[in-house]
Structures are given as structure tokens and as C-alpha cells.
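One structure below.
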Amino acid sequence: MIVKHAPALLVAIPLVAAYLLPLFARRLKHLVVPAALFALLLCSAGSLSLLFQVMHTGLIIYHFGNWPPPVGIEFVVDRLAVFTVLTLSLVGFVVLVYSIDDLRHELREDVRGWYYTLFLTLLASLYGMAMTNDIFNLFVFIEISAIASCGLISIKEDRACIEAAFKYLLLSALGSGCILLAIALLYMVTGHLNMTYLAQAMLQAAELYPYNLLASLALLVVGLGIKAALFPLHVWLPDAHAAAPSPSSAVLSGLVIKIYAVAMIRLLFQVYPAAFLARTPVAEIILWLSTLAILLGSIFAMVQEDLKRMLAYSSVAQIGYVFLGVALGSENALTGGILHIFNHAVMKALLFLAAGAFIYATGTRKIRDLSGIGQTMPAAGVAFAIGALSMVGIPLTNGFVSKWYLALGALDAGRPFFTAIVLVSSLLNGIYFLPILINAFFRKPSGNAAAPRALPTPMTAAIVVLAAAVIVFGFFPGRMAGIVVLAVHRLLGVWQ
Amino acid sequence: MVPLTEMLYRLHQNSFYFFAIILFIIGFHTMLTHSNLIKKIIGMNIMDTAVFLFFVATGYVRGGRAPVLVPGEERAFINPLPSALILTGIVVAVSVTAYALSLIIKLYQHYGTVDAEEIMRIRRGEEQ
């Protein structure tokens with residue numbers, strides 16, 4: 001019985017927990033962290049149950065309050081949604097475990113309870129965005145996630161964080177304005193907000209009001225592009241992700257920007273009529289922007305001295321892979337792009353958490369001050385190395401799998417140039433990750449790196465789990481890729 | 001070529017949309033070009049208001065009134081759905097504004113100014 005309500009509970013549980021936590025923080029301090037962990041544990045169980053249901057029935061449709069669409073709000077859990085929800089649960093839970101000890105040195109004690117509130121609110125909105133089938137509901141979740149993620153940055157209250165959060169908030173408000181205007185334009189000509197009905201009504205509207213659809217498409221690509229940090233709209237990302245506390249960086253870089261990409265995939269493949277999109281240059285535009293993102297993101301990353309800033313620029317490049325897959329549109333490319341959402345979430349979370357561990361232990365975030373850190377902190381060092389190699393795309397790591405699909409997909413689409421781009425970008429990744437590894441493992445430890453603070457067990461455990469996930473999904477990509485391939489079939493079935 | 005009177009008539013018919021777009025551009029421009037942080041926030045609010053006006057106008061019926069049914073009275077009603085949605089939108093805009101203003105207060109405490117260019121200058125000066 002309760003399993004039937006899993007889609008709604010996945011949003012409700014973290015939201016309710018988020019509002020209870022400040023109360024706990026006031027009266028029952030020792031219960032804050034266990035309560036947050038318990039909420040996410042329930043969410044993980046919920047997403048596993050969704051996975052089993054979807055694998056059996058193929059599609060779950062949930063009507064809120066039993067109001068059927070087009071009146072009521074509808075959640076549709078297809079394989080794409082399940083895949084996203086699983087990614088959220090896995091990475092979210094691991095990051096939460098890590099944050100327990102990391103926050104002790106990054107945040108003041110009185111705001112730590114609020115941190116978990118923001119964290120759970122953010123996850124609730126991300127779950128909602130992954131599953132909702134209502135375009136206005138999508139907007140509401142986007143706004144919740146925008147405020148919560150800015151909060152996760154500014155909670156540290158030092159100057160850099162406030163500035164980064166303000167920049168992010170402003171650009172994100174710009175994006176929200178564009179998205180809401182696009183929704184208004186669509187509602188104006190179709191009279192629907194439910195995506196399924198919208199898609200049907202748009203077949204006719206595309207002939208009658210092509211300019212409305214065109215304007216709304218442009219506004220959506222810009223709005224979601226800002227939020228997903230698609231080049232050249234990524235300007236807020238390096239500051240925001242570098243300044244935030246390490247667990248926030250892991251979630252923001254690993255999960256938040258990807259969910260907007262998922263929303264864009266949904267709108268492009270399931271809402272806009274394929275015949276209409278074929279008349280617009282939107283695929284070409286996204287294709288070239290993502291190519292620029294992949295190349296320039298890596299080049300910017302090379303010149304950074306700050307470890308977290310370098311990882312943030314690398315996220316700009318990696319989100320390019322997702323959009324590259326979307327824009328190429330062949331089955332393999334789309335599989336690679338969507339699979340990269342999971343793979344990059346795991347490895348970028350791993351890298352940010354490992355970087356956070358270095359910062360925790362040594363107090364420095366400069367790359368050149370970290371020489372020999374791999375010898376004095378073997379667990380975090382090796383985990384960082386695994387993440388870095390996966391980023392480069394060494395076989396038997398999960399980063400290789402999605403790049404492989406993308407490279408094949410570019411060939412399928414008849415654009416071998418973009419296969420070359422994928423290869424070149426692997427080289428570029430190597431250029432900025434390998435010197436760090438050489439520095440960390442083959443140089444003599446010096447300065448703070450010679451005598452790091454001991455790492456608390458939960459932090460080490462979180463890093464090791466993610467490193468293991470990188471390897472496991474590199475050796476056995478079949479299970480995840482299987483879900484994604486089926487999700488892609490559904491997307492392309494509507495597309496053609 | 002559409003005659004001028006016809007064009008003005010159409011403009012009049014769609015005046016809500018026209019002015020909403022103009023407001024949107026004003027807000028967008030203010031937000032991106034002004035270096036004063038408070039003005040940026042004002043621009044953001046103008047932009048949001050423009051979108052709200054646009055959205056509500058899609059549901060407006062000329063001569064219509066709020067859909068409160070009175071028995072025995074035949075009248076044109078406006079579409080209440082956009083208005084209801086925009087209530088949510090307004091709540092969101094208010095909370096974003098409040099949050100942004102609180103961030104500006106923090107910035108002012110750190111730098112003693114609310115001018116983005118001034119803040120950049122102070123930071124550059126510190127780095128050297």
C-alpha cells in the first residue's frame with residue numbers, strides 16, 4: 001500500500017524532515033544527524049522500490065490527491081526518472097555521511113542544523129524535478145532548488161561564499177524568469193501544463209503559432225542552460241562550487257547541474273514535437289556550445305592553482321558531455337550522455353570529497369602545496385587517483401564507459417569530428433589531472449602535507465565507497481547502462 | 001503591408017503582452033548592466049513582475065470578472081488558473097528577493113559598499 005505512494009513520499013519525506021531538523025537542533029541536538037540520515041535512508045529505500053516497480057511495470061503514474069490530469073498534478077516515473085532518482089539517493093546519502101565530520105571544521109555550530117535542512121530541501125526538490133510531469137510544478141521545484149543550493153553556499157558566511165552565492169542567485173533568478181516566461185508562452189497557445197497533454201497540443205500549435213514555440217524554446221534553452229552551467233552561461237559555477245563547503249560542492253557539482261540537464265532532455269524529447277525541433281537549429285547550437293564547454297572548461301581547469309576551483313572548471317567540461325550526447329541524438333550518444341549523469345555524479349562527488357579531505361587534513365587548497373599527500377594520506381590519495389583516472393577515461397573506470405558510448409554515438413550520427421573531440425578532451429583531462437597525481441605520489445611530502453590531521457572514519461568511508469562505485473560501475477556497467485538504454489528507447493520513440 | 005490603423009488596433013488588443021515584454025527587457029537590462037546590487041535586485045523584480053503580467057494576461061477575458069458563480073447570472077469569467085499559478089510565482093519572487101537582500105547586507109558588512117565594481121576593485125587591491 002505504502003509502496004504505491006513512493007513517488008510522493010520521495011519528495012515528502014525529505015521536506016518534512018527538513019522542517020523538523022531545526023526543532024531537533026534546538027532541543028535534541030544529538031538527534032539531528034541520525035534524523036537526517038534516517039530520512040535519506042528511507043528515500044534510498046523508496047527509490048529502490050521504485051526501481052523494482054518500474055522494471056516490472058515499465059511506468060508508474062501517480063496522481064496527487066487522486067485528481068487526474070489535466071486538472072491534477074501528475075508524477076510520471078519512467079526509467080529516466082528512476083535512473084536519476086537512484087543517482088540522487090546514492091550520492092546524496094554518501095555525501096551526507098561525509099558531511100557529519102567535515103562540517104565540524106567548516107561551519108559554526110549553531111548553523112549546522114540548518115545545513116541539513118537546506119540539504120534535505122535541495123534533495124526533495126531534485127527528486128521532484130526528476131519525476132514531475134507538470135511543467136509549472138517543474139518551475140516550482142527549480143526555484144526551491146535554486147534557493148536551497150544558494151543557501152548551501154552562503155551558509156559558510158565568509159566573504160567569498162556570500163559573493164559566490166549572490167552571483168549564483170542573481171543569474172539563477174534570470175534563468176527562472178526566462179523559464180517562467182517560456183511556460184507562459186506555452187500555456188498561452190496550448191492551454192495545458194501537463195507535459196503529456198502539452199506534447200499532444202503542441203503538434204497542432206507548432207503549425208498555428210510557430211513563433212510562440214520558437215520563443216519559448218529559446219527561453220527554455222537559455223534558462224535551463226544558465227542553471228545547468230552550459231558554456232558560456234557557466235560564469236557563476238567556478239566561484240560557487242569552489243567557495244562552498246566541500247559536501248555542498250560535491251552535491252552541487254555532482255547532482256544539481258545534472259538535474260537541469262534531465263529537465264532539458266525531457267522537454268526536448270518528450271514535449272516539443274520532433275518535426276518542429278528539426279526545423280530549428282537548437283540541436284546544432286547545443287552541439288557547438290557543448291563542444292566549446294568540453295574544450296574550454298578543460299583549458300580553464302589547467303591554469304587553476306586552487307584544487308576545488310580546478311574541479312569546478314572540470315564540471316563545466318563534464319556537463320558538456322551530457323549535452324553533447326543530447327545534441328547528437330543518436331541512440332548510443334544519448335545513452336552515453338545520460339549515463340554520464342550518473343558516472344560524473346559519482347566521480348565528481350568523489351573528487352570533491354577527497355579534495356575536502358585534503359583541505360580538512362592539511363588546511364591548504366593550493367595544488368602545489370599538496371605534494372606527497374598520496375603517501376601521507378593513502379586512502380584519500382588513492383581514491384582521488386581513481387576519480388582522476390576515471391575523469392580521464394581510463395578503461396575499467398566508469399568514466400570510460402560513458403565516453404565510449406559518446407564516441408560511438410558520434411560515429412553513428414555521422415559526425416566523426418565529435419569522436420575526435422571526446423578523445424582530445426580525454427587528453428586535456430590527463431594534462432591537468434596527471435601532474436597532480438605525480439605530485440601527490442612521487443614527490444617528497446612537505447609542509448602541511450607531511451603531517452596531515454587524521455581523517456575521521458565516516459569521511460574515509462564515504463570516499464572509499466564512492467571510489468569503489470567508480471570501479472564497480474567500470475567493471476560492470478551493464479546494469480546501469482541497461483536502464484539507460486531502455487530510457488533512451490522511450491525518449492527516441494517519442495522523438496521519431 | 002498591414003495599414004497603420006490595423007497595426008495600432010492589434011497592438012491595442014495585445015497591449016498587455018506588449019508592455020509585459022517591454023518591462024521584461026527593462027528588468028533584464030537593469031539586472032545585467034547596473035553595478036549597484038540593490039538596483040540589480042530591483043531589475044530582477046521588474047523582470048519577474050513582467051512575467052507575472054504576461055502570465056496573468058493569458059488568462060484574461062475582456063469584460064470578464066472573477067469566476068464567482070452567482071445563480072441566475074450569466075457572465076464572462078476570466079481563466080483563474082494563471083492567477084492562481086502566479087500567486088506561487090509571487091511567493092517565490094518575494095523569498096528570492098528577501099534572500100538576495102540579506103546577502104547584500106552581509107556584503108555591505110564585509111566591504112562597506114553595495115557597488116559590484118567597487119567590490120571588485122577592493123578585492124583586486126587585496127590580491128596585489
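Residue numbers start at 1 in each chain; chains themselves are named A, B, ... in the order of the C-alpha cells; ligands are numbered from 1 in the order shown.
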Worksheet item: Leaving out Phe473 (chain A) and any residue of its chain fewer than 5 positions from it, which residues lie within 9 Å of it when counting only C-alpha atoms, given as a count of residues only?
Response: 9
Discussion item. If the cut-off is 6 Å, can you tell me the residues of chain B near chain A, counting only C-alpha atoms? I'd like them as a list in words.
Written reply: Val51, Phe55 and Thr58 of chain B
File of the preceding selection, N, CA, C and O atoms, as a compact mmCIF listing (two decimals), in the first residue's frame:
```txt
# COMPACT_ATOMS: atom_id res chain seq x y z
N VAL B 51 6.90 39.04 -16.14
CA VAL B 51 6.47 37.68 -16.44
C VAL B 51 5.10 37.40 -15.82
O VAL B 51 4.23 36.78 -16.45
N PHE B 55 1.79 36.30 -17.77
CA PHE B 55 1.10 35.03 -17.46
C PHE B 55 -0.36 35.30 -17.13
O PHE B 55 -1.27 34.63 -17.64
N THR B 58 -2.58 36.04 -20.09
CA THR B 58 -3.03 34.91 -20.93
C THR B 58 -4.38 34.40 -20.47
O THR B 58 -5.09 33.77 -21.24
```
Practice prompt. Name all residues at most 8 Å from Phe16 (chain B) (count only C-alpha atoms; drop same-chain ones fewer than 6 positions away) and give them as an NGL selection string.
Written response: :B and (53-54 or 57)
With all heavy atoms kept, could you save the residues just selected as a PDB file, in the first residue's frame?
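Output file out_36.pdb follows:
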```pdb
ATOM      1  N   LEU B  53       2.743  39.589 -15.203  1.00  0.00           N
ATOM      2  CA  LEU B  53       1.747  40.299 -16.003  1.00  0.00           C
ATOM      3  C   LEU B  53       1.427  39.494 -17.262  1.00  0.00           C
ATOM      4  O   LEU B  53       0.259  39.300 -17.620  1.00  0.00           O
ATOM      5  CB  LEU B  53       2.278  41.685 -16.385  1.00  0.00           C
ATOM      6  CG  LEU B  53       1.428  42.484 -17.375  1.00  0.00           C
ATOM      7  CD1 LEU B  53       0.069  42.750 -16.774  1.00  0.00           C
ATOM      8  CD2 LEU B  53       2.112  43.791 -17.726  1.00  0.00           C
ATOM      9  N   PHE B  54       2.477  38.999 -17.893  1.00  0.00           N
ATOM     10  CA  PHE B  54       2.295  38.228 -19.121  1.00  0.00           C
ATOM     11  C   PHE B  54       1.448  36.994 -18.855  1.00  0.00           C
ATOM     12  O   PHE B  54       0.496  36.700 -19.573  1.00  0.00           O
ATOM     13  CB  PHE B  54       3.672  37.809 -19.647  1.00  0.00           C
ATOM     14  CG  PHE B  54       3.634  37.233 -21.028  1.00  0.00           C
ATOM     15  CD1 PHE B  54       3.911  38.037 -22.116  1.00  0.00           C
ATOM     16  CD2 PHE B  54       3.325  35.905 -21.243  1.00  0.00           C
ATOM     17  CE1 PHE B  54       3.872  37.525 -23.397  1.00  0.00           C
ATOM     18  CE2 PHE B  54       3.283  35.392 -22.516  1.00  0.00           C
ATOM     19  CZ  PHE B  54       3.564  36.206 -23.589  1.00  0.00           C
ATOM     20  N   ALA B  57      -2.121  37.823 -18.041  1.00  0.00           N
ATOM     21  CA  ALA B  57      -2.828  38.315 -19.229  1.00  0.00           C
ATOM     22  C   ALA B  57      -3.298  37.171 -20.111  1.00  0.00           C
ATOM     23  O   ALA B  57      -4.322  37.292 -20.794  1.00  0.00           O
ATOM     24  CB  ALA B  57      -1.913  39.249 -20.024  1.00  0.00           C
TER      25      ALA B  57
END
```
Worksheet entry | Who sits within 9 Å of Phe19 (chain B), only C-alpha atoms, same chain under 4 positions skipped, as a list in words |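 That gives Asn14, Ser15, Leu23, Phe24, Ala50, Leu53 and Phe54 of chain B.
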Grab the residues selected above and save them as a tab-separated table (two decimals), in the first residue's frame with N, CA, C and O atoms.
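What ended up in part-v3.tsv:
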```
chain	number	residue	atom	x	y	z
B	14	ASN	N	-3.41	43.56	-27.97
B	14	ASN	CA	-2.39	42.77	-27.27
B	14	ASN	C	-1.52	43.62	-26.36
B	14	ASN	O	-0.37	43.28	-26.11
B	15	SER	N	-2.09	44.75	-25.88
B	15	SER	CA	-1.23	45.69	-25.17
B	15	SER	C	-0.59	45.08	-23.93
B	15	SER	O	0.55	45.39	-23.60
B	23	LEU	N	8.61	45.57	-20.25
B	23	LEU	CA	9.04	45.53	-18.85
B	23	LEU	C	10.11	44.47	-18.65
B	23	LEU	O	11.09	44.68	-17.93
B	24	PHE	N	9.92	43.33	-19.28
B	24	PHE	CA	10.88	42.23	-19.15
B	24	PHE	C	12.26	42.68	-19.60
B	24	PHE	O	13.26	42.46	-18.92
B	50	ALA	N	7.07	41.52	-14.86
B	50	ALA	CA	6.70	41.45	-16.27
B	50	ALA	C	6.19	40.07	-16.63
B	50	ALA	O	5.17	39.92	-17.32
B	53	LEU	N	2.74	39.59	-15.20
B	53	LEU	CA	1.75	40.30	-16.00
B	53	LEU	C	1.43	39.49	-17.26
B	53	LEU	O	0.26	39.30	-17.62
B	54	PHE	N	2.48	39.00	-17.89
B	54	PHE	CA	2.30	38.23	-19.12
B	54	PHE	C	1.45	36.99	-18.86
B	54	PHE	O	0.50	36.70	-19.57
```
Worksheet item: Which distance in Å separates CA of Met131 (chain A) and CA of Ile226 (chain A), to one decimal?
Response: 21.2 Å
Practice prompt. May I have all residues of region 356-463 of chain A that DSSP, computed from the backbone, assigns to alpha helix (DSSP H), given as a PyMOL selection string?
Written response: chain A and resi 356-362+373-376+378-392+398-412+416-442+457-463
Worksheet item: What's the 6 Å shell around region 40-49 of chain B, counting only C-alpha atoms, without same-chain residues fewer than 2 positions away, as number ranges by chain?
Response: B: 24, 27, 30-31, 37-38, 51-52
Residue selection dump (C-alpha atoms) as a tab-separated table (two decimals), in the first residue's frame:
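Wrote part21.tsv, looks like this:
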```
chain	number	residue	atom	x	y	z
B	24	PHE	CA	10.88	42.23	-19.15
B	27	GLY	CA	14.29	44.44	-15.95
B	30	THR	CA	18.82	46.71	-15.34
B	31	MET	CA	19.84	43.42	-13.82
B	37	LEU	CA	23.50	45.47	-6.20
B	38	ILE	CA	20.20	46.91	-4.93
B	51	VAL	CA	6.47	37.68	-16.44
B	52	PHE	CA	3.60	37.70	-13.94
```
Contacts of Leu81 (chain B) at 9 Å (only C-alpha atoms; same-chain gap of 5+ positions) as a PDB file with C-alpha atoms, in the first residue's frame:
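Output file around27.pdb is given in full below:
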```pdb
ATOM      1  CA  VAL B  56      -1.983  36.614 -15.915  1.00  0.00           C
ATOM      2  CA  GLY B  59      -5.998  34.116 -18.718  1.00  0.00           C
ATOM      3  CA  ILE B  86       1.168  33.448 -10.327  1.00  0.00           C
TER       4      ILE B  86
END
```
Per DSSP on the backbone, filter chain B down to the residues in strand (DSSP E or B) and report them as a compact mmCIF listing (two decimals) with N, CA and C atoms, in the first residue's frame.
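What landed in result_20.txt:
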```
# COMPACT_ATOMS: atom_id res chain seq x y z
N ASN B 36 25.17 48.62 -9.17
CA ASN B 36 24.63 48.70 -7.81
C ASN B 36 23.80 47.45 -7.51
N ARG B 65 -14.93 38.72 -15.33
CA ARG B 65 -14.69 39.02 -13.92
C ARG B 65 -14.30 37.75 -13.19
N PHE B 77 -16.33 34.89 -17.56
CA PHE B 77 -15.36 34.78 -16.47
C PHE B 77 -13.95 34.75 -17.03
N ASP B 115 28.25 48.40 -4.28
CA ASP B 115 28.54 48.55 -5.70
C ASP B 115 29.44 47.40 -6.16
```
Discussion item. Taking 6 positions as the minimum chain separation for residues in the same chain, which residues sit within 10 Å of region 376-389 of chain A when counting only C-alpha atoms? Answer as an NGL selection string.
Written reply: :A and (344 or 346-358 or 361 or 395-400 or 426 or 429-430 or 432-434 or 436-438 or 440-441 or 444-445 or 449-455 or 459-461 or 463-468 or 470-471)
Worksheet item: A:Met202, A:Ala278, A:Leu123, A:Ala81: which is nearest Leu491 (chain A), counting only C-alpha atoms?
Response: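 Looking only at the distances to Leu491 (chain A), the closest residue turns out to be A:Ala81.
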Give me, as JSON lines, each residue of region 202-321 of chain A that comes within 12 Å of region 418-423 of chain A, together with its shortest interatomic pair and the distance in Å at one decimal, counting only C-alpha atoms, with rows ordered by chain and rising residue number.
```
{"residue": "A:Leu287", "atom": "CA", "partner": "A:Phe418", "partner_atom": "CA", "distance": 9.2}
{"residue": "A:Trp288", "atom": "CA", "partner": "A:Phe418", "partner_atom": "CA", "distance": 9.8}
{"residue": "A:Ser290", "atom": "CA", "partner": "A:Ile421", "partner_atom": "CA", "distance": 10.4}
{"residue": "A:Thr291", "atom": "CA", "partner": "A:Ile421", "partner_atom": "CA", "distance": 7.2}
{"residue": "A:Leu292", "atom": "CA", "partner": "A:Ile421", "partner_atom": "CA", "distance": 9.7}
{"residue": "A:Ala293", "atom": "CA", "partner": "A:Ile421", "partner_atom": "CA", "distance": 11.0}
{"residue": "A:Ile294", "atom": "CA", "partner": "A:Ile421", "partner_atom": "CA", "distance": 8.1}
{"residue": "A:Leu295", "atom": "CA", "partner": "A:Ile421", "partner_atom": "CA", "distance": 7.9}
{"residue": "A:Leu296", "atom": "CA", "partner": "A:Ile421", "partner_atom": "CA", "distance": 11.7}
{"residue": "A:Ser298", "atom": "CA", "partner": "A:Val422", "partner_atom": "CA", "distance": 11.8}
{"residue": "A:Ala317", "atom": "CA", "partner": "A:Val422", "partner_atom": "CA", "distance": 10.8}
{"residue": "A:Gln318", "atom": "CA", "partner": "A:Val422", "partner_atom": "CA", "distance": 10.7}
{"residue": "A:Gly320", "atom": "CA", "partner": "A:Val422", "partner_atom": "CA", "distance": 10.3}
{"residue": "A:Tyr321", "atom": "CA", "partner": "A:Val422", "partner_atom": "CA", "distance": 8.2}
```
